[in-house]
Every structure is written in C-alpha cells, then in structure tokens.
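**Q** To start, I am sharing the structure in question, which I have written as structure tokens.
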Amino acid sequence: MGETTVKTVEGRTATPSPMPDEAADAPSRTRLQKLRSPRHPRIWFEILLIAVSYWTYSLIRNAVPEQKAQALRNADWIWDAEKSMGLAVEQSVNHAVNSVTWLIVSMNYYYATLHFIVTIGVLVWLYRWHPGRYAAARLVLFATTGVALVGYYLYPLAPPRLMNGQAFIDTVLVHKTWGSMASGNFKNMSNQYAAMPSMHIGWSLWCGLVICAVAAAPWAKILGILYPTVTLVVIVATANHFWLDAVGGMICLAFGFALSYAWYGALPHTLPKLVAEPAEPRRGTLARFSTRSLS
C-alpha cells in the first residue's frame, strides 16, 4: 500500500505525521528488537552473569526445605511406578557396575566433575566461535535450570541411595571417592532431596544437542550423542537418580528451548554464526566532540 497523503489549502499534497501514540511506541519497539537480535557477547558481562547465576542457583537449591519424609515417600512412589512398568532397572545397574571397581570409581569422578567442566567448555566454545548463537543457547540453559528449581521445591525426591529398605549402594561412600556434593563430607552442604529433575541430564543433553547441531566435524557430533547417553548410565549406576529424573530433566530442557525460541524467533543453531562486534567511537571523534563542547 502507498503512503496516505492529504491535500493542503494550496492544493499541495503532504504525508501526515505519525499519530502521537505510534511515535511514542516506536522507540520501545526499536529497543525490543535490539534486545531480541543476536549480538556479540561481552566477556566481562558473561563471566559475571554465569557466576551470579550459578551462585543464585546453588543458594536457592540448597535453601529449599529438604522435606525428608515427603522426599522418601515420593521415592517409594517413583520406584513402585517403575516396577509397575517393568522398567525398575536402577538397582541392577547399580550393583553390576559397583562390582567393577575401576569403572564405578571412574563414574564417581565423572559425576562429580564433568557436569561443570563440559557445560562451561561448551559455553566458551560457543562464545569464541559461534557468538551469534551464544545468547540464545545460553538462554536455553538458564531457563532449563530456573524451571528445575521449581521442581525441587514442588516435588522433593530422595535419590535411590538414600531410600529406606532398599539395597542401593552409595558408591561414593563405599569407594571413598571425593568431589560429590551428594555424599561424604559434602552432604551437609547440598540439598540431598532435590533429585527431580536431574540437571546432570538437563545440562548434558543441552551440551549434546548444541554440539550435534552446530559442530561440523563428525567425531564432535558423535561425542555430542555419547555425552548425555553416558551421563544417563552414570547417574543410574551411582544411585544418584532414577531414570524418571532424567525424563524430568528433558522436560525442563524442552521448556528452555521453547522460551528461547519464543524470544529469538528461532532455535539457536539456525541463528547467524557470527555477528558484528559493537562499534566503538573513534578517539578522534571523541576529541573533536569534547573540543566543541568546551568551546
């Protein structure tokens, strides 16, 4: 459609100025569009954001009342539900892997360390080589973690190793491995009854999907598939989670992707790989501006 014109008294045509409401809304729309457009991330802001976010996550997760009695009842319900489906495999896997000392010790360290190392590594990789996709992917991760906190509050759940009357083995205690916030000397520093959903699965699946979608090398895509798969085996073998906790983690991740898609209008891997870095005014321009301002 063409522009609307009006005739003046002299017979000339003119384009009417925008309505006051439209003019007022224009800057707001522009700012919103800028916020929703991929931008080059700033390293200092990202480090601060990740540090504050993880500190807040840990604080809130551990501030949720443990609700031990309810958590144990929920664990019994989960275990009975899995039995009714014929899929209560956790105890068999736990005992089988625990019989191979080197394997279960490796899994204990895997559980305690890679959860953080790999996730941070993928964030750094995206920041360095895929800055246009970084913010959208980071939003997925943050939203996934945020909704998980709601799950910890609404559905306290004991891990299999803390169930009453069951023969699950706490592999960290038995083999005296270090590093787990869920057992040993660290157990009083972490909420022991926040097993649903599993963020080991939520984060590892986020890593795997991002790597599979963005990486070009076939070996990297294979690692992307293997990482969440091995993580699922580890969380079950160490008796830290039921496999249904992993389903909860997947649901949280789906929410994270949906929120990111709603905000950016696209999935992270479909956004431009590279974006222009924010332009900085030249020193000469600033000098001339300062000179004029002072004169």
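Just remember, in the structure tokens the first chain shown is A, the second B, etc., residues are 1-based per chain, and ligands are 1-based in the order shown.
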Quick one: which range 182-268 of chain A residues come within 12 Å of range 118-126 of chain A, and what is the nearest atom pair for each with the distance in Å to one decimal, counting only C-alpha atoms, rows ordered by chain and ascending number, as JSON lines?

**A**
```
{"residue": "A:Met199", "atom": "CA", "partner": "A:Thr119", "partner_atom": "CA", "distance": 11.2}
{"residue": "A:His200", "atom": "CA", "partner": "A:Thr119", "partner_atom": "CA", "distance": 10.0}
{"residue": "A:Ile201", "atom": "CA", "partner": "A:Thr119", "partner_atom": "CA", "distance": 11.4}
{"residue": "A:Gly202", "atom": "CA", "partner": "A:Thr119", "partner_atom": "CA", "distance": 10.5}
{"residue": "A:Trp203", "atom": "CA", "partner": "A:Thr119", "partner_atom": "CA", "distance": 6.7}
{"residue": "A:Ser204", "atom": "CA", "partner": "A:Thr119", "partner_atom": "CA", "distance": 7.2}
{"residue": "A:Leu205", "atom": "CA", "partner": "A:Thr119", "partner_atom": "CA", "distance": 10.0}
{"residue": "A:Trp206", "atom": "CA", "partner": "A:Thr119", "partner_atom": "CA", "distance": 8.4}
{"residue": "A:Cys207", "atom": "CA", "partner": "A:Thr119", "partner_atom": "CA", "distance": 6.3}
{"residue": "A:Gly208", "atom": "CA", "partner": "A:Val122", "partner_atom": "CA", "distance": 9.3}
{"residue": "A:Leu209", "atom": "CA", "partner": "A:Val122", "partner_atom": "CA", "distance": 10.8}
{"residue": "A:Val210", "atom": "CA", "partner": "A:Val122", "partner_atom": "CA", "distance": 8.2}
{"residue": "A:Ile211", "atom": "CA", "partner": "A:Val122", "partner_atom": "CA", "distance": 7.8}
{"residue": "A:Cys212", "atom": "CA", "partner": "A:Val122", "partner_atom": "CA", "distance": 11.6}
{"residue": "A:Ala213", "atom": "CA", "partner": "A:Leu126", "partner_atom": "CA", "distance": 11.8}
{"residue": "A:Val214", "atom": "CA", "partner": "A:Leu126", "partner_atom": "CA", "distance": 9.0}
{"residue": "A:Ala215", "atom": "CA", "partner": "A:Leu126", "partner_atom": "CA", "distance": 10.0}
{"residue": "A:Ala220", "atom": "CA", "partner": "A:Val122", "partner_atom": "CA", "distance": 11.7}
{"residue": "A:Leu223", "atom": "CA", "partner": "A:Val118", "partner_atom": "CA", "distance": 11.4}
{"residue": "A:Gly224", "atom": "CA", "partner": "A:Val122", "partner_atom": "CA", "distance": 10.6}
{"residue": "A:Tyr227", "atom": "CA", "partner": "A:Val118", "partner_atom": "CA", "distance": 9.3}
{"residue": "A:Pro228", "atom": "CA", "partner": "A:Val118", "partner_atom": "CA", "distance": 10.9}
{"residue": "A:Thr231", "atom": "CA", "partner": "A:Val118", "partner_atom": "CA", "distance": 11.5}
{"residue": "A:Pro268", "atom": "CA", "partner": "A:Leu126", "partner_atom": "CA", "distance": 10.5}
```

**Q** What is the CA of Asn164 in chain A to CA of Asp76 in chain A distance in Å?

**A**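 These two atoms are separated by 8.7 Å.
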
**Q** DSSP says alpha helix (DSSP H) for which residues of range 160-283 of chain A? Put them as JSON, numbers by chain?

**A** {"A": [171, 172, 173, 174, 175, 199, 200, 201, 202, 203, 204, 205, 206, 207, 208, 209, 210, 211, 212, 213, 214, 218, 219, 220, 221, 222, 223, 224, 225, 226, 227, 228, 229, 230, 231, 232, 233, 234, 235, 236, 237, 243, 244, 245, 246, 247, 248, 249, 250, 251, 252, 253, 254, 255, 256, 257, 258, 259, 260, 261, 262, 263, 264, 283]}

**Q** When distances are computed from only C-alpha atoms, which of A:Tyr153, A:Tyr54, A:Phe142, A:Phe45 shows the smallest separation from Leu259 in chain A?

**A**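 Of A:Tyr153, A:Tyr54, A:Phe142, A:Phe45, the one nearest Leu259 in chain A, counting only C-alpha atoms, is A:Phe142.
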
**Q** Compile the contact shell of Thr238 in chain A as a list in words: residues with an atom at most 8 Å away, counting only C-alpha atoms, same-chain residues fewer than 4 positions apart removed.

**A**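 Returned residues: Asn94, Ile104, Met107, Asn108, Ile169, Asp170, Thr171, Val172 and Val234 of chain A.
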
**Q** With only C-alpha atoms as the atoms that count, which of A:Arg42, A:Trp79, A:Ile60, A:Val233 lies nearest to Gly165 in chain A?

**A** A:Trp79

**Q** Nearest to Phe168 in chain A: which of A:Leu244, A:Met250, A:Leu154, A:Val97 is it, counting only C-alpha atoms?

**A**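 That would be A:Val97, the residue with the smallest distance to Phe168 in chain A.
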
**Q** Can you tell me which residues surround Thr144 in chain A at a distance of at most 9 Å, considering only C-alpha atoms, apart from same-chain residues fewer than 4 positions away, and format the answer as a PyMOL selection string?

**A** chain A and resi 139-140+148+199+202-203+249-257

**Q** Quick one: pull the distance between CA of Ile117 in chain A and CA of Gln91 in chain A, Å, one decimal.

**A**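 Distance reported for this atom pair: 28.0 Å.
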
**Q** Using only C-alpha atoms, which residues sit within 12 Å of Val89 in chain A once same-chain residues fewer than 4 positions away are excluded, as a list of chain:residue names?

**A**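 These residues fall inside the cut-off: A:Trp79, A:Asp80, A:Ala81, A:Glu82, A:Lys83, A:Ser84, A:Met85, A:Val93, A:Asn94, A:His95, A:Ala96, A:Pro160, A:Phe168, A:Val233, A:Val236, A:Ala237, A:Ala239, A:His241, A:Phe242, A:Trp243, A:Leu244.
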
**Q** What does the structure give for the distance between CA of Phe116 in chain A and CA of Gly265 in chain A, in Å to one decimal?

**A**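 So the answer is 28.7 Å.
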
**Q** Of the candidates A:Ala136, A:Tyr152, A:Ile78, A:Val174, which one gets nearest to Ala262 in chain A if we count only C-alpha atoms?

**A**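 Answer, going by the shortest atom-to-atom distance: A:Ala136.
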